[in-house]
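S.K.: One file is attached below, input.cif, containing mmCIF, C-alpha atoms and all ligand atoms.
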data_protein
#
loop_
_atom_site.label_atom_id
_atom_site.label_comp_id
_atom_site.auth_asym_id
_atom_site.auth_seq_id
_atom_site.Cartn_x
_atom_site.Cartn_y
_atom_site.Cartn_z
CA MET A 7 17.91 11.83 3.93
CA PHE A 8 17.53 15.58 4.52
CA ASP A 9 20.74 17.40 3.69
CA LYS A 10 21.40 21.10 4.13
CA GLU A 11 20.48 21.99 0.57
CA LEU A 12 17.17 20.22 0.84
CA LEU A 13 16.41 21.95 4.13
CA LYS A 14 17.04 25.27 2.44
CA TYR A 15 14.37 24.40 -0.15
CA PHE A 16 12.02 23.18 2.53
CA SER A 17 12.38 26.38 4.50
CA ASN A 18 10.63 28.27 1.69
CA LEU A 19 7.74 25.89 1.36
CA GLU A 20 4.34 26.05 2.89
CA THR A 21 3.79 23.22 5.35
CA PRO A 22 2.60 20.56 5.82
CA PHE A 23 3.57 18.74 2.65
CA TYR A 24 4.46 15.25 1.57
CA TYR A 25 8.02 14.94 0.37
CA TYR A 26 8.81 12.08 -1.99
CA ASP A 27 12.40 10.98 -2.49
CA MET A 28 12.25 9.95 -6.14
CA SER A 29 15.81 8.70 -6.25
CA LEU A 30 15.17 6.27 -3.40
CA PHE A 31 11.90 5.34 -5.09
CA ARG A 32 13.62 4.45 -8.34
CA LYS A 33 16.27 2.41 -6.53
CA SER A 34 13.56 0.52 -4.71
CA LEU A 35 11.59 -0.13 -7.91
CA LYS A 36 14.71 -1.39 -9.65
CA THR A 37 15.44 -3.75 -6.76
CA LEU A 38 11.86 -5.01 -6.80
CA LYS A 39 11.92 -5.56 -10.54
CA GLN A 40 15.15 -7.54 -10.44
CA ALA A 41 14.02 -9.63 -7.47
CA ALA A 42 10.69 -10.51 -9.14
CA LYS A 43 12.33 -11.25 -12.49
CA LYS A 44 14.49 -13.96 -10.96
CA TYR A 45 11.39 -16.14 -10.53
CA ASN A 46 9.28 -14.65 -13.31
CA TYR A 47 6.83 -13.25 -10.79
CA ASN A 48 4.27 -10.63 -11.83
CA VAL A 49 3.94 -7.61 -9.57
CA HIS A 50 0.86 -5.39 -9.56
CA TYR A 51 1.23 -2.20 -7.59
CA ALA A 52 -1.68 -1.67 -5.15
CA LEU A 53 -2.93 1.81 -6.04
CA LYS A 54 -4.62 2.17 -2.69
CA ALA A 55 -1.25 2.87 -1.05
CA ASN A 56 -0.63 6.05 -3.06
CA ALA A 57 -2.16 7.01 -6.39
CA ASN A 58 -0.35 10.27 -7.20
CA ASN A 59 0.27 10.73 -10.91
CA ARG A 60 4.04 11.08 -10.59
CA ILE A 61 4.21 7.94 -8.51
CA LEU A 62 2.01 5.90 -10.85
CA GLU A 63 3.92 7.13 -13.92
CA THR A 64 7.20 6.02 -12.36
CA ILE A 65 5.82 2.63 -11.35
CA LYS A 66 4.50 2.09 -14.85
CA GLU A 67 7.88 2.91 -16.33
CA TYR A 68 9.27 -0.16 -14.56
CA GLY A 69 6.62 -2.35 -16.17
CA PHE A 70 4.52 -3.26 -13.14
CA GLY A 71 0.79 -3.87 -13.34
CA ALA A 72 -1.96 -2.28 -11.25
CA ASP A 73 -4.03 -3.74 -8.42
CA CYS A 74 -7.27 -1.80 -7.96
CA VAL A 75 -10.03 -1.97 -5.36
CA SER A 76 -12.56 0.47 -6.78
CA GLY A 77 -13.91 1.48 -10.16
CA ASN A 78 -12.17 4.82 -9.77
CA GLU A 79 -8.84 3.08 -9.19
CA VAL A 80 -9.41 1.01 -12.34
CA GLN A 81 -10.21 4.22 -14.19
CA LYS A 82 -7.11 5.90 -12.78
CA ALA A 83 -4.90 2.99 -13.83
CA ILE A 84 -6.33 3.15 -17.35
CA GLU A 85 -5.92 6.93 -17.52
CA MET A 86 -2.30 6.52 -16.43
CA ASN A 87 -1.82 4.10 -19.33
CA PHE A 88 -1.36 0.88 -17.39
CA SER A 89 -2.17 -1.73 -19.96
CA PRO A 90 -5.59 -3.27 -19.23
CA GLU A 91 -4.13 -6.79 -19.36
CA LYS A 92 -2.05 -5.88 -16.30
CA ILE A 93 -4.96 -4.53 -14.24
CA VAL A 94 -6.61 -6.66 -11.55
CA PHE A 95 -9.77 -5.55 -9.79
CA ALA A 96 -10.30 -6.81 -6.24
CA GLY A 97 -12.65 -5.78 -3.45
CA VAL A 98 -15.24 -7.35 -1.19
CA GLY A 99 -18.20 -5.69 -2.91
CA LYS A 100 -18.14 -4.18 -6.38
CA SER A 101 -21.04 -2.04 -7.54
CA ASP A 102 -22.78 -2.67 -10.85
CA ALA A 103 -21.29 0.53 -12.27
CA GLU A 104 -17.80 -0.58 -11.29
CA ILE A 105 -18.32 -4.06 -12.76
CA ASN A 106 -19.57 -2.53 -15.99
CA TYR A 107 -16.64 -0.19 -16.29
CA ALA A 108 -14.09 -2.94 -15.73
CA ILE A 109 -15.79 -5.34 -18.19
CA ASP A 110 -15.95 -2.59 -20.83
CA HIS A 111 -12.20 -2.02 -20.49
CA SER A 112 -11.31 -5.72 -20.78
CA ILE A 113 -9.01 -5.77 -17.76
CA PHE A 114 -6.85 -8.80 -16.91
CA GLY A 115 -9.42 -10.04 -14.42
CA PHE A 116 -11.64 -9.65 -11.41
CA ASN A 117 -10.67 -11.04 -8.01
CA SER A 118 -14.05 -12.01 -6.65
CA GLU A 119 -14.93 -12.90 -3.09
CA SER A 120 -18.44 -14.32 -3.27
CA ILE A 121 -20.60 -16.37 -5.59
CA GLU A 122 -23.22 -13.65 -5.23
CA GLU A 123 -20.91 -11.15 -6.92
CA ILE A 124 -19.72 -13.61 -9.56
CA GLU A 125 -23.34 -14.21 -10.56
CA ILE A 126 -23.84 -10.47 -11.08
CA ILE A 127 -20.63 -10.24 -13.12
CA ASN A 128 -21.98 -13.11 -15.23
CA GLU A 129 -25.29 -11.29 -15.79
CA TRP A 130 -23.48 -8.23 -17.06
CA ALA A 131 -21.12 -10.34 -19.15
CA ILE A 132 -24.13 -11.99 -20.84
CA LYS A 133 -25.65 -8.59 -21.63
CA LYS A 134 -22.35 -7.45 -23.12
CA ASP A 135 -21.68 -10.76 -24.82
CA LYS A 136 -18.24 -11.05 -23.26
CA ILE A 137 -16.41 -13.80 -21.40
CA VAL A 138 -15.03 -12.31 -18.18
CA PRO A 139 -11.92 -13.69 -16.43
CA VAL A 140 -12.36 -14.19 -12.68
CA SER A 141 -10.05 -15.38 -9.91
CA LEU A 142 -11.53 -16.56 -6.62
CA ARG A 143 -10.29 -14.77 -3.54
CA ILE A 144 -10.06 -17.37 -0.85
CA ASN A 145 -9.95 -16.75 2.86
CA PRO A 146 -7.23 -19.20 3.90
CA ASP A 147 -7.72 -18.70 7.66
CA ILE A 148 -4.12 -17.73 8.27
CA ASP A 149 -3.02 -15.24 10.88
CA ALA A 150 -0.85 -12.53 9.31
CA ILE A 151 0.43 -11.57 12.80
CA THR A 152 -0.26 -7.88 12.36
CA HIS A 153 -2.66 -5.21 13.65
CA ASP A 154 -6.27 -6.45 13.94
CA TYR A 155 -7.43 -3.81 11.46
CA LEU A 156 -4.88 -4.99 8.92
CA THR A 157 -5.74 -8.67 9.22
CA THR A 158 -7.82 -10.00 6.34
CA GLY A 159 -7.17 -13.73 6.12
CA LEU A 160 -8.90 -15.11 9.21
CA ASN A 161 -12.30 -16.83 9.23
CA GLU A 162 -13.80 -13.99 11.23
CA ASN A 163 -12.82 -11.41 8.57
CA LYS A 164 -15.26 -10.31 5.89
CA PHE A 165 -12.78 -11.04 3.12
CA GLY A 166 -12.54 -13.98 0.75
CA ILE A 167 -14.53 -17.13 0.16
CA PRO A 168 -14.38 -19.36 3.23
CA LEU A 169 -12.35 -22.44 2.40
CA PRO A 170 -15.15 -24.93 3.25
CA PHE A 171 -17.37 -23.22 0.61
CA LEU A 172 -14.79 -23.37 -2.15
CA ASP A 173 -16.00 -26.60 -3.82
CA LYS A 174 -19.57 -25.30 -4.00
CA VAL A 175 -18.45 -21.95 -5.42
CA ILE A 176 -16.37 -23.68 -8.09
CA GLU A 177 -19.27 -25.94 -9.07
CA LYS A 178 -21.61 -22.97 -9.33
CA THR A 179 -19.06 -20.88 -11.23
CA ASN A 180 -18.56 -23.71 -13.71
CA HIS A 181 -22.24 -23.41 -14.61
CA LEU A 182 -21.98 -19.70 -15.38
CA THR A 183 -21.75 -19.33 -19.14
CA HIS A 184 -19.81 -16.05 -19.32
CA ILE A 185 -17.25 -16.46 -16.54
CA LYS A 186 -13.83 -17.92 -17.12
CA LEU A 187 -12.20 -19.13 -13.92
CA ILE A 188 -8.55 -18.18 -14.30
CA GLY A 189 -7.02 -18.30 -10.86
CA LEU A 190 -6.94 -18.13 -7.10
CA HIS A 191 -6.33 -14.98 -5.11
CA PHE A 192 -5.19 -14.53 -1.51
CA HIS A 193 -4.39 -11.49 0.60
CA ILE A 194 -3.91 -12.23 4.29
CA GLY A 195 -3.16 -8.75 5.59
CA SER A 196 -0.88 -5.77 5.57
CA GLN A 197 2.33 -4.69 7.36
CA ILE A 198 3.43 -8.30 7.77
CA THR A 199 6.88 -8.23 9.27
CA THR A 200 7.83 -11.90 9.50
CA LEU A 201 7.83 -14.35 6.64
CA GLU A 202 6.21 -17.14 8.67
CA PRO A 203 2.63 -16.20 7.66
CA TYR A 204 3.67 -16.36 4.00
CA ILE A 205 5.16 -19.82 4.54
CA GLN A 206 1.85 -20.90 6.07
CA LEU A 207 0.02 -19.34 3.16
CA CYS A 208 2.13 -21.20 0.61
CA LYS A 209 1.44 -24.50 2.37
CA ARG A 210 -2.29 -23.75 2.38
CA VAL A 211 -2.21 -22.85 -1.30
CA ASN A 212 -0.39 -26.10 -2.08
CA ASP A 213 -3.10 -28.11 -0.28
CA ILE A 214 -5.87 -26.19 -2.02
CA GLN A 215 -4.31 -26.78 -5.41
CA ASP A 216 -3.87 -30.51 -4.72
CA ASN A 217 -7.52 -30.74 -3.75
CA LEU A 218 -8.71 -28.86 -6.81
CA LEU A 219 -6.82 -31.24 -9.02
CA LYS A 220 -8.13 -34.32 -7.23
CA LYS A 221 -11.76 -33.22 -6.85
CA HIS A 222 -12.36 -31.09 -9.92
CA GLY A 223 -9.47 -31.99 -12.19
CA ILE A 224 -8.64 -28.28 -12.48
CA GLU A 225 -5.30 -26.57 -12.75
CA LEU A 226 -5.64 -22.82 -12.66
CA LYS A 227 -3.25 -20.63 -14.59
CA HIS A 228 -2.88 -17.80 -12.05
CA ILE A 229 -2.03 -17.74 -8.36
CA ASN A 230 -2.12 -14.30 -6.76
CA LEU A 231 -0.66 -14.11 -3.26
CA GLY A 232 -1.69 -10.47 -2.66
CA GLY A 233 0.45 -7.93 -0.88
CA GLY A 234 1.24 -7.25 2.73
CA LEU A 235 5.02 -7.13 2.89
CA GLY A 236 5.83 -4.84 5.82
CA ILE A 237 8.36 -2.05 6.18
CA ASN A 238 10.59 -0.91 9.05
CA TYR A 239 8.76 2.03 10.63
CA GLU A 240 10.95 2.08 13.70
CA LYS A 241 14.31 2.41 11.97
CA PRO A 242 13.57 3.37 8.37
CA ASP A 243 17.18 4.24 7.56
CA THR A 244 18.35 0.71 8.29
CA GLU A 245 15.99 -0.69 5.66
CA LEU A 246 15.09 1.97 3.13
CA ILE A 247 14.54 -0.72 0.52
CA PRO A 248 12.56 -3.76 1.64
CA ASN A 249 14.22 -7.12 1.34
CA TYR A 250 12.30 -8.25 -1.74
CA SER A 251 14.73 -11.00 -2.65
CA ARG A 252 14.33 -12.71 0.72
CA PHE A 253 10.54 -12.41 0.36
CA PHE A 254 10.39 -13.93 -3.13
CA GLU A 255 12.97 -16.57 -2.29
CA THR A 256 10.78 -17.72 0.61
CA ILE A 257 7.75 -17.94 -1.64
CA HIS A 258 9.75 -19.79 -4.28
CA LYS A 259 10.94 -22.27 -1.71
CA HIS A 260 7.52 -23.05 -0.25
CA LEU A 261 5.02 -22.69 -3.07
CA ASN A 262 4.45 -25.61 -5.43
CA VAL A 263 3.98 -24.09 -8.84
CA GLN A 264 2.19 -26.11 -11.49
CA LYS A 265 3.36 -26.27 -15.07
CA ASN A 266 2.76 -23.01 -16.97
CA GLN A 267 1.37 -21.39 -13.87
CA GLU A 268 1.91 -17.65 -13.32
CA ILE A 269 2.45 -16.19 -9.87
CA HIS A 270 1.23 -12.68 -9.02
CA PHE A 271 1.68 -10.25 -6.15
CA GLU A 272 -0.08 -7.00 -5.21
CA LEU A 273 2.41 -4.95 -3.25
CA GLY A 274 1.54 -1.49 -1.98
CA ARG A 275 3.20 -0.34 1.23
CA SER A 276 6.60 -1.89 0.55
CA VAL A 277 6.79 -0.16 -2.84
CA VAL A 278 6.13 3.42 -1.73
CA GLY A 279 6.31 3.49 2.07
CA GLN A 280 9.87 4.54 2.78
CA MET A 281 10.23 7.14 0.03
CA GLY A 282 7.67 9.50 1.59
CA SER A 283 7.87 11.81 4.60
CA LEU A 284 5.30 14.23 5.92
CA ILE A 285 7.07 17.53 6.54
CA SER A 286 5.49 19.84 9.05
CA ARG A 287 6.35 22.96 11.06
CA VAL A 288 6.16 23.29 14.79
CA LEU A 289 3.50 25.86 15.60
CA TYR A 290 4.03 25.98 19.34
CA ILE A 291 5.79 24.25 22.18
CA LYS A 292 3.16 24.15 24.87
CA LYS A 293 3.92 23.31 28.49
CA GLY A 294 1.47 20.95 30.18
CA ILE A 295 1.42 19.85 33.82
CA LYS A 296 3.51 16.76 33.27
CA LYS A 297 4.30 17.04 29.60
CA GLN A 298 5.46 19.25 26.85
CA PHE A 299 3.49 19.26 23.63
CA ALA A 300 5.04 19.96 20.28
CA ILE A 301 2.03 21.20 18.33
CA LEU A 302 2.55 20.72 14.60
CA ASP A 303 0.74 22.29 11.68
CA ALA A 304 0.11 18.73 10.40
CA GLY A 305 -2.67 16.76 11.98
CA MET A 306 -4.63 13.55 11.72
CA THR A 307 -6.26 14.93 8.56
CA ASP A 308 -2.84 14.78 6.87
CA LEU A 309 -1.77 11.43 8.31
CA ILE A 310 -4.40 9.31 10.00
CA ARG A 311 -2.37 6.15 10.65
CA PRO A 312 -1.36 6.96 14.27
CA ALA A 313 -4.94 7.91 15.22
CA LEU A 314 -6.54 4.99 13.40
CA TYR A 315 -4.15 2.14 14.09
CA GLY A 316 -2.02 3.52 16.93
CA SER A 317 0.87 3.20 14.54
CA HIS A 318 4.29 4.70 15.24
CA HIS A 319 6.26 6.63 12.66
CA LYS A 320 9.76 7.88 13.28
CA ILE A 321 9.58 11.60 14.01
CA GLU A 322 12.65 13.78 13.47
CA ASN A 323 13.33 17.45 14.07
CA ILE A 324 15.21 18.10 10.86
CA SER A 325 16.03 21.73 11.70
CA LYS A 326 18.22 20.68 14.60
CA GLN A 327 21.24 18.45 14.71
CA GLU A 328 20.60 15.62 17.14
CA SER A 329 24.18 14.89 18.03
CA ILE A 330 24.94 18.30 19.52
CA MET A 331 21.65 19.11 21.21
CA LYS A 332 20.04 18.45 24.53
CA MET A 333 17.26 15.90 24.04
CA VAL A 334 13.77 16.61 25.39
CA LYS A 335 10.62 14.47 25.43
CA TYR A 336 7.53 15.79 23.67
CA ASP A 337 4.06 14.56 22.90
CA VAL A 338 3.94 15.38 19.21
CA VAL A 339 0.37 16.39 18.35
CA GLY A 340 -1.68 18.06 15.62
CA PRO A 341 -4.01 21.06 15.81
CA VAL A 342 -7.26 19.16 15.13
CA CYS A 343 -10.00 19.16 17.78
CA GLU A 344 -9.68 15.48 18.66
CA THR A 345 -7.63 13.88 21.43
CA SER A 346 -6.65 11.17 18.96
CA ASP A 347 -4.94 13.84 16.87
CA SER A 348 -1.55 12.83 18.20
CA PHE A 349 1.40 11.47 16.27
CA ASP A 350 3.21 9.95 19.24
CA ASN A 351 3.89 10.40 22.95
CA ASN A 352 7.21 10.91 24.71
CA VAL A 353 9.19 11.40 21.53
CA GLU A 354 12.81 12.32 22.22
CA LEU A 355 13.76 15.28 20.07
CA PRO A 356 16.53 17.84 20.21
CA LYS A 357 15.20 20.85 22.14
CA THR A 358 12.54 22.03 19.73
CA GLU A 359 11.28 25.52 18.92
CA ARG A 360 8.48 27.20 17.04
CA LYS A 361 9.05 27.02 13.24
CA ASP A 362 11.36 24.02 13.41
CA LEU A 363 10.70 21.52 10.63
CA VAL A 364 9.67 18.05 11.61
CA ALA A 365 9.71 14.97 9.35
CA ILE A 366 7.29 12.14 9.98
CA ARG A 367 8.96 9.29 8.20
CA SER A 368 7.77 6.27 6.22
CA THR A 369 4.57 7.94 5.09
CA GLY A 370 4.72 7.27 1.35
CA ALA A 371 2.08 4.55 1.74
CA TYR A 372 -1.38 5.17 3.18
CA GLY A 373 -0.41 8.76 4.00
CA GLU A 374 -1.49 11.28 1.42
CA ILE A 375 -4.09 8.94 -0.04
CA MET A 376 -5.96 8.83 3.29
CA VAL A 377 -6.00 12.61 3.76
CA SER A 378 -9.32 14.14 4.82
CA GLN A 379 -10.56 17.69 5.04
CA TYR A 380 -12.12 17.33 8.48
CA ASN A 381 -12.23 20.72 10.22
CA LEU A 382 -12.19 22.08 6.64
CA ARG A 383 -8.44 21.82 6.69
CA ASN A 384 -6.42 22.17 3.51
CA LYS A 385 -4.93 19.13 1.88
CA PRO A 386 -1.15 18.93 2.08
CA MET A 387 0.64 19.26 -1.23
CA ALA A 388 3.11 16.80 -2.73
CA VAL A 389 6.73 17.74 -3.36
CA TYR A 390 8.94 15.48 -5.46
CA SER A 391 12.69 15.54 -4.90
CA ASP A 392 13.56 15.60 -8.60
CA GLU A 393 11.25 18.56 -9.33
CA LEU A 394 12.47 20.50 -6.34
CA LEU A 395 16.13 20.18 -7.15
CA LYS A 396 15.52 21.21 -10.76
CA LYS A 397 14.11 24.52 -9.62
CA ASN A 398 17.32 25.80 -8.00
CA SER A 399 16.63 28.29 -5.30
CA HIS A 400 13.70 29.89 -7.13
CA ILE A 401 10.76 28.02 -5.83
CA ASP A 402 7.31 28.86 -7.15
CA ILE A 403 5.48 27.44 -4.21
CA LEU A 404 6.53 30.07 -1.71
CA ILE A 405 4.57 31.04 1.34
N1 LIG B 1 -4.22 -6.49 -2.18
C1 LIG B 1 -5.35 -6.34 -1.47
C2 LIG B 1 -6.52 -7.13 -1.83
C3 LIG B 1 -5.39 -5.45 -0.37
O1 LIG B 1 -6.51 -5.33 0.34
C4 LIG B 1 -4.24 -4.70 -0.03
C5 LIG B 1 -4.25 -3.76 1.08
C6 LIG B 1 -3.08 -4.88 -0.83
C7 LIG B 1 -3.11 -5.78 -1.89
C8 LIG B 1 -1.81 -4.11 -0.57
O2 LIG B 1 -1.28 -4.44 0.66
P1 LIG B 1 0.15 -3.85 1.13
O3 LIG B 1 1.23 -4.47 0.26
O4 LIG B 1 0.10 -2.39 0.96
O5 LIG B 1 0.23 -4.24 2.54
N2 LIG B 1 -4.49 1.71 5.53
C9 LIG B 1 -3.71 0.67 6.12
C10 LIG B 1 -3.38 -0.44 5.15
C11 LIG B 1 -4.60 -1.10 4.56
C12 LIG B 1 -4.26 -2.16 3.55
C13 LIG B 1 -5.49 -2.60 2.82
N3 LIG B 1 -5.26 -3.57 1.81
C14 LIG B 1 -2.45 1.26 6.75
O6 LIG B 1 -2.30 2.48 6.74
O7 LIG B 1 -1.64 0.54 7.31
#
Translate this structure into structure tokens?
Ligand code: LLP

M.R.:
Amino acid sequence: MFDKELLKYFSNLETPFYYYDMSLFRKSLKTLKQAAKKYNYNVHYALKANANNRILETIKEYGFGADCVSGNEVQKAIEMNFSPEKIVFAGVGKSDAEINYAIDHSIFGFNSESIEEIEIINEWAIKKDKIVPVSLRINPDIDAITHDYLTTGLNENKFGIPLPFLDKVIEKTNHLTHIKLIGLHFHIGSQITTLEPYIQLCKRVNDIQDNLLKKHGIELKHINLGGGLGINYEKPDTELIPNYSRFFETIHKHLNVQKNQEIHFELGRSVVGQMGSLISRVLYIKKGIKKQFAILDAGMTDLIRPALYGSHHKIENISKQESIMKMVKYDVVGPVCETSDSFDNNVELPKTERKDLVAIRSTGAYGEIMVSQYNLRNKPMAVYSDELLKKNSHIDILI
């Protein structure tokens, strides 16, 4: 991924920065588009994974919609020219201002998770004399088999309408004059690495749909199965592009689709994860009693996933060639005043020195977007492969 020419460019750049491989990104988007097209599935990109302009522009070029979880994300999608009829607005609690904004822009629909919120949407819709499309996000009580913090579809989670309440919510919604019930929405979690939870989800959706037909005589036009498809953090190079066709094929096999029904997905991580790397410089190699620390100029403010979820990203010393070097174990840490400011322990790297460049891989999703300025640290900049290579060796962003 990082050839000599690229390293030459990197060596002139101020670190840390996010590097985005736009050629890989485009390949991945093309694969996703073809895989979804086979079954006529609609894909909305989840902006929460990465909302950089260049990234959104590219995603839009391929015709995907936008999945938003805040008023600002809806605004961003509109500003980036996603067509409103391809924008969905989810989230466990939407403020009145956010509801207003989304109604005013006539988006495709709200994914709503409580009757309390739907009633407020209805109040605003009455005031604006508009009929607002709403899908019900249901909590299907299915284990996504992922990190606890990334699990959203179990009864104990705050998300979705509990299944036993569904009939009541539908009855109440039917009485609301300015709400049009258009679909069902599910999202059971993130970084899901086996397809089994999706098979369970499809079965649950089939049962729910059968019941709706029997009890209420309703067939809903839209089924949204959310996002969650995981990526290979351990060995990114073996799976730079997620296996979308296997994913959609599994859904196709297990989901009963009613006549004229449209199926939607909200993928985030799988779309942008592998194309991003956080590039950082080694500030110091510090000897401890039992350990050696490679102290980077990137910290938890630049990438919080390891500190927050204990997640592991592949870490590479890209200034040294692994095959010819002695390997040494390091705890790779950041400079922030927190013990949790550590990227990983006992990482085997070629013998590493001050100023070596290190790549923390698979950070295109939930990397830059979760940056903070704790300790008043600067935000890392974004570097796009296609812009960098256009500039030849004259780079404006020099140290
Ligand atoms: N739809 C809804 C309603 C969601 O809540 C999410 C993610 C997605 C779609 C997109 O899921 P994806 O395809 O990206 O898995 N910060 C965490 C991930 C949090 C995901 C939150 N919801 C991380 O760094 O792993």

S.K.: For the interface of range 212-311 of chain A with range 330-352 of chain A (cut-off 6 Å, counting all atoms listed in the file), please tabulate each contacting residue of range 212-311 of chain A alongside its nearest pair of atoms and their separation in Å to one decimal, rows sorted by chain and increasing number, as a tab-separated table.

M.R.:
residue	atom	partner	partner_atom	distance
A:Gln298	CA	A:Tyr336	CA	5.1
A:Phe299	CA	A:Asp337	CA	4.8
A:Ala300	CA	A:Val338	CA	4.8
A:Ile301	CA	A:Val339	CA	5.1
A:Leu302	CA	A:Gly340	CA	5.1
A:Ala304	CA	A:Gly340	CA	5.6
A:Gly305	CA	A:Gly340	CA	4.0
A:Met306	CA	A:Asp347	CA	5.2

S.K.: Those same residues, written as an mmCIF file, in the coordinates of the input with C-alpha atoms?

M.R.:
data_model
loop_
_atom_site.group_PDB
_atom_site.id
_atom_site.type_symbol
_atom_site.label_atom_id
_atom_site.label_comp_id
_atom_site.auth_asym_id
_atom_site.auth_seq_id
_atom_site.Cartn_x
_atom_site.Cartn_y
_atom_site.Cartn_z
ATOM 1 C CA GLN A 298 5.460 19.250 26.850
ATOM 2 C CA PHE A 299 3.490 19.260 23.630
ATOM 3 C CA ALA A 300 5.040 19.960 20.280
ATOM 4 C CA ILE A 301 2.030 21.200 18.330
ATOM 5 C CA LEU A 302 2.550 20.720 14.600
ATOM 6 C CA ALA A 304 0.110 18.730 10.400
ATOM 7 C CA GLY A 305 -2.670 16.760 11.980
ATOM 8 C CA MET A 306 -4.630 13.550 11.720
#

S.K.: Give the answer as one residue: which of A:Lys133, A:Arg60, A:Arg143, A:Lys43 has the shortest atom-to-atom distance to Ala388 in chain A, using only C-alpha atoms?

M.R.: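 Between A:Lys133, A:Arg60, A:Arg143, A:Lys43, the residue approaching Ala388 in chain A most closely is A:Arg60.
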
S.K.: Go through the chains and note each residue within 6 Å of ligand LIG 1 (chain B), using all atoms listed in the file, then give the set as a PyMOL selection string.

M.R.: chain A and resi 52+55+96+156+193+196-197+232-235+272-276+311+372

S.K.: I'd like the neighbourhood of Tyr45 in chain A as a PyMOL selection string, where a residue qualifies if any of its atoms comes within 9 Å (using only C-alpha atoms), though same-chain residues fewer than 4 positions away should be ignored.

M.R.: chain A and resi 41+254-255+258+269

S.K.: Take CA of Phe171 in chain A and CA of Gly195 in chain A and report the distance between them in Å, one decimal.

M.R.: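 Between CA of Phe171 in chain A and CA of Gly195 in chain A the gap is 20.9 Å.
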
S.K.: Could you check the closest approach to Glu225 in chain A for each of A:Ala150, A:Ile205, A:Leu182, A:Leu190 and tell me which residue wins, using all atoms listed in the file?

M.R.: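 Of A:Ala150, A:Ile205, A:Leu182, A:Leu190, the one nearest Glu225 in chain A is A:Leu190, counting all atoms listed in the file.
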
S.K.: Rank A:Gly282, A:Gly189, A:Gly294, A:Pro248 by their smallest atom-to-atom distance to Gly373 in chain A, using only C-alpha atoms, and report the top residue only.

M.R.: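 Ranked by minimum distance to Gly373 in chain A, first place goes to A:Gly282.
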
S.K.: Quick check, in Å to one decimal: how far apart do CA of Ile109 in chain A and CA of Cys74 in chain A lie?

M.R.: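 Calculated distance between CA of Ile109 in chain A and CA of Cys74 in chain A is 13.8 Å.
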
S.K.: Point out the residue among A:Thr358, A:Ile93, A:Lys259, A:Lys241 with the least atom-to-atom distance to His318 in chain A, counting all atoms listed in the file.

M.R.: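 That would be A:Lys241, the residue with the smallest distance to His318 in chain A.
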
S.K.: I'd like the contact shell of range 112-121 of chain A - 7 Å cut-off, only C-alpha atoms, skipping same-chain residues fewer than 6 positions apart - returned as a PyMOL selection string.

M.R.: chain A and resi 90-96+98+139-144+165-167+175+191

S.K.: When distances are computed from only C-alpha atoms, which of A:Asn384, A:Asn59, A:Thr179, A:Gln81 shows the smallest separation from Asp303 in chain A?

M.R.: A:Asn384

S.K.: Rank A:Gly236, A:Gly159, A:Pro22, A:Pro203 by their smallest atom-to-atom distance to Val278 in chain A, using all atoms listed in the file, and report the top residue only.

M.R.: A:Gly236

S.K.: What is the CA of Glu122 in chain A-CA of Gln267 in chain A distance in Å, reported with one decimal?

M.R.: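 Computing it gives 27.2 Å between the two atoms.
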
S.K.: Produce the centre coordinates and the three edge lengths, each in Å to one decimal, of the box along x, y and z that contains all listed atoms of range 166-182 of chain A with 8 Å added on each side, as lines of an AutoDock Vina configuration file.

M.R.:
center_x = -17.3
center_y = -20.3
center_z = -6.1
size_x = 25.9
size_y = 28.6
size_z = 34.6
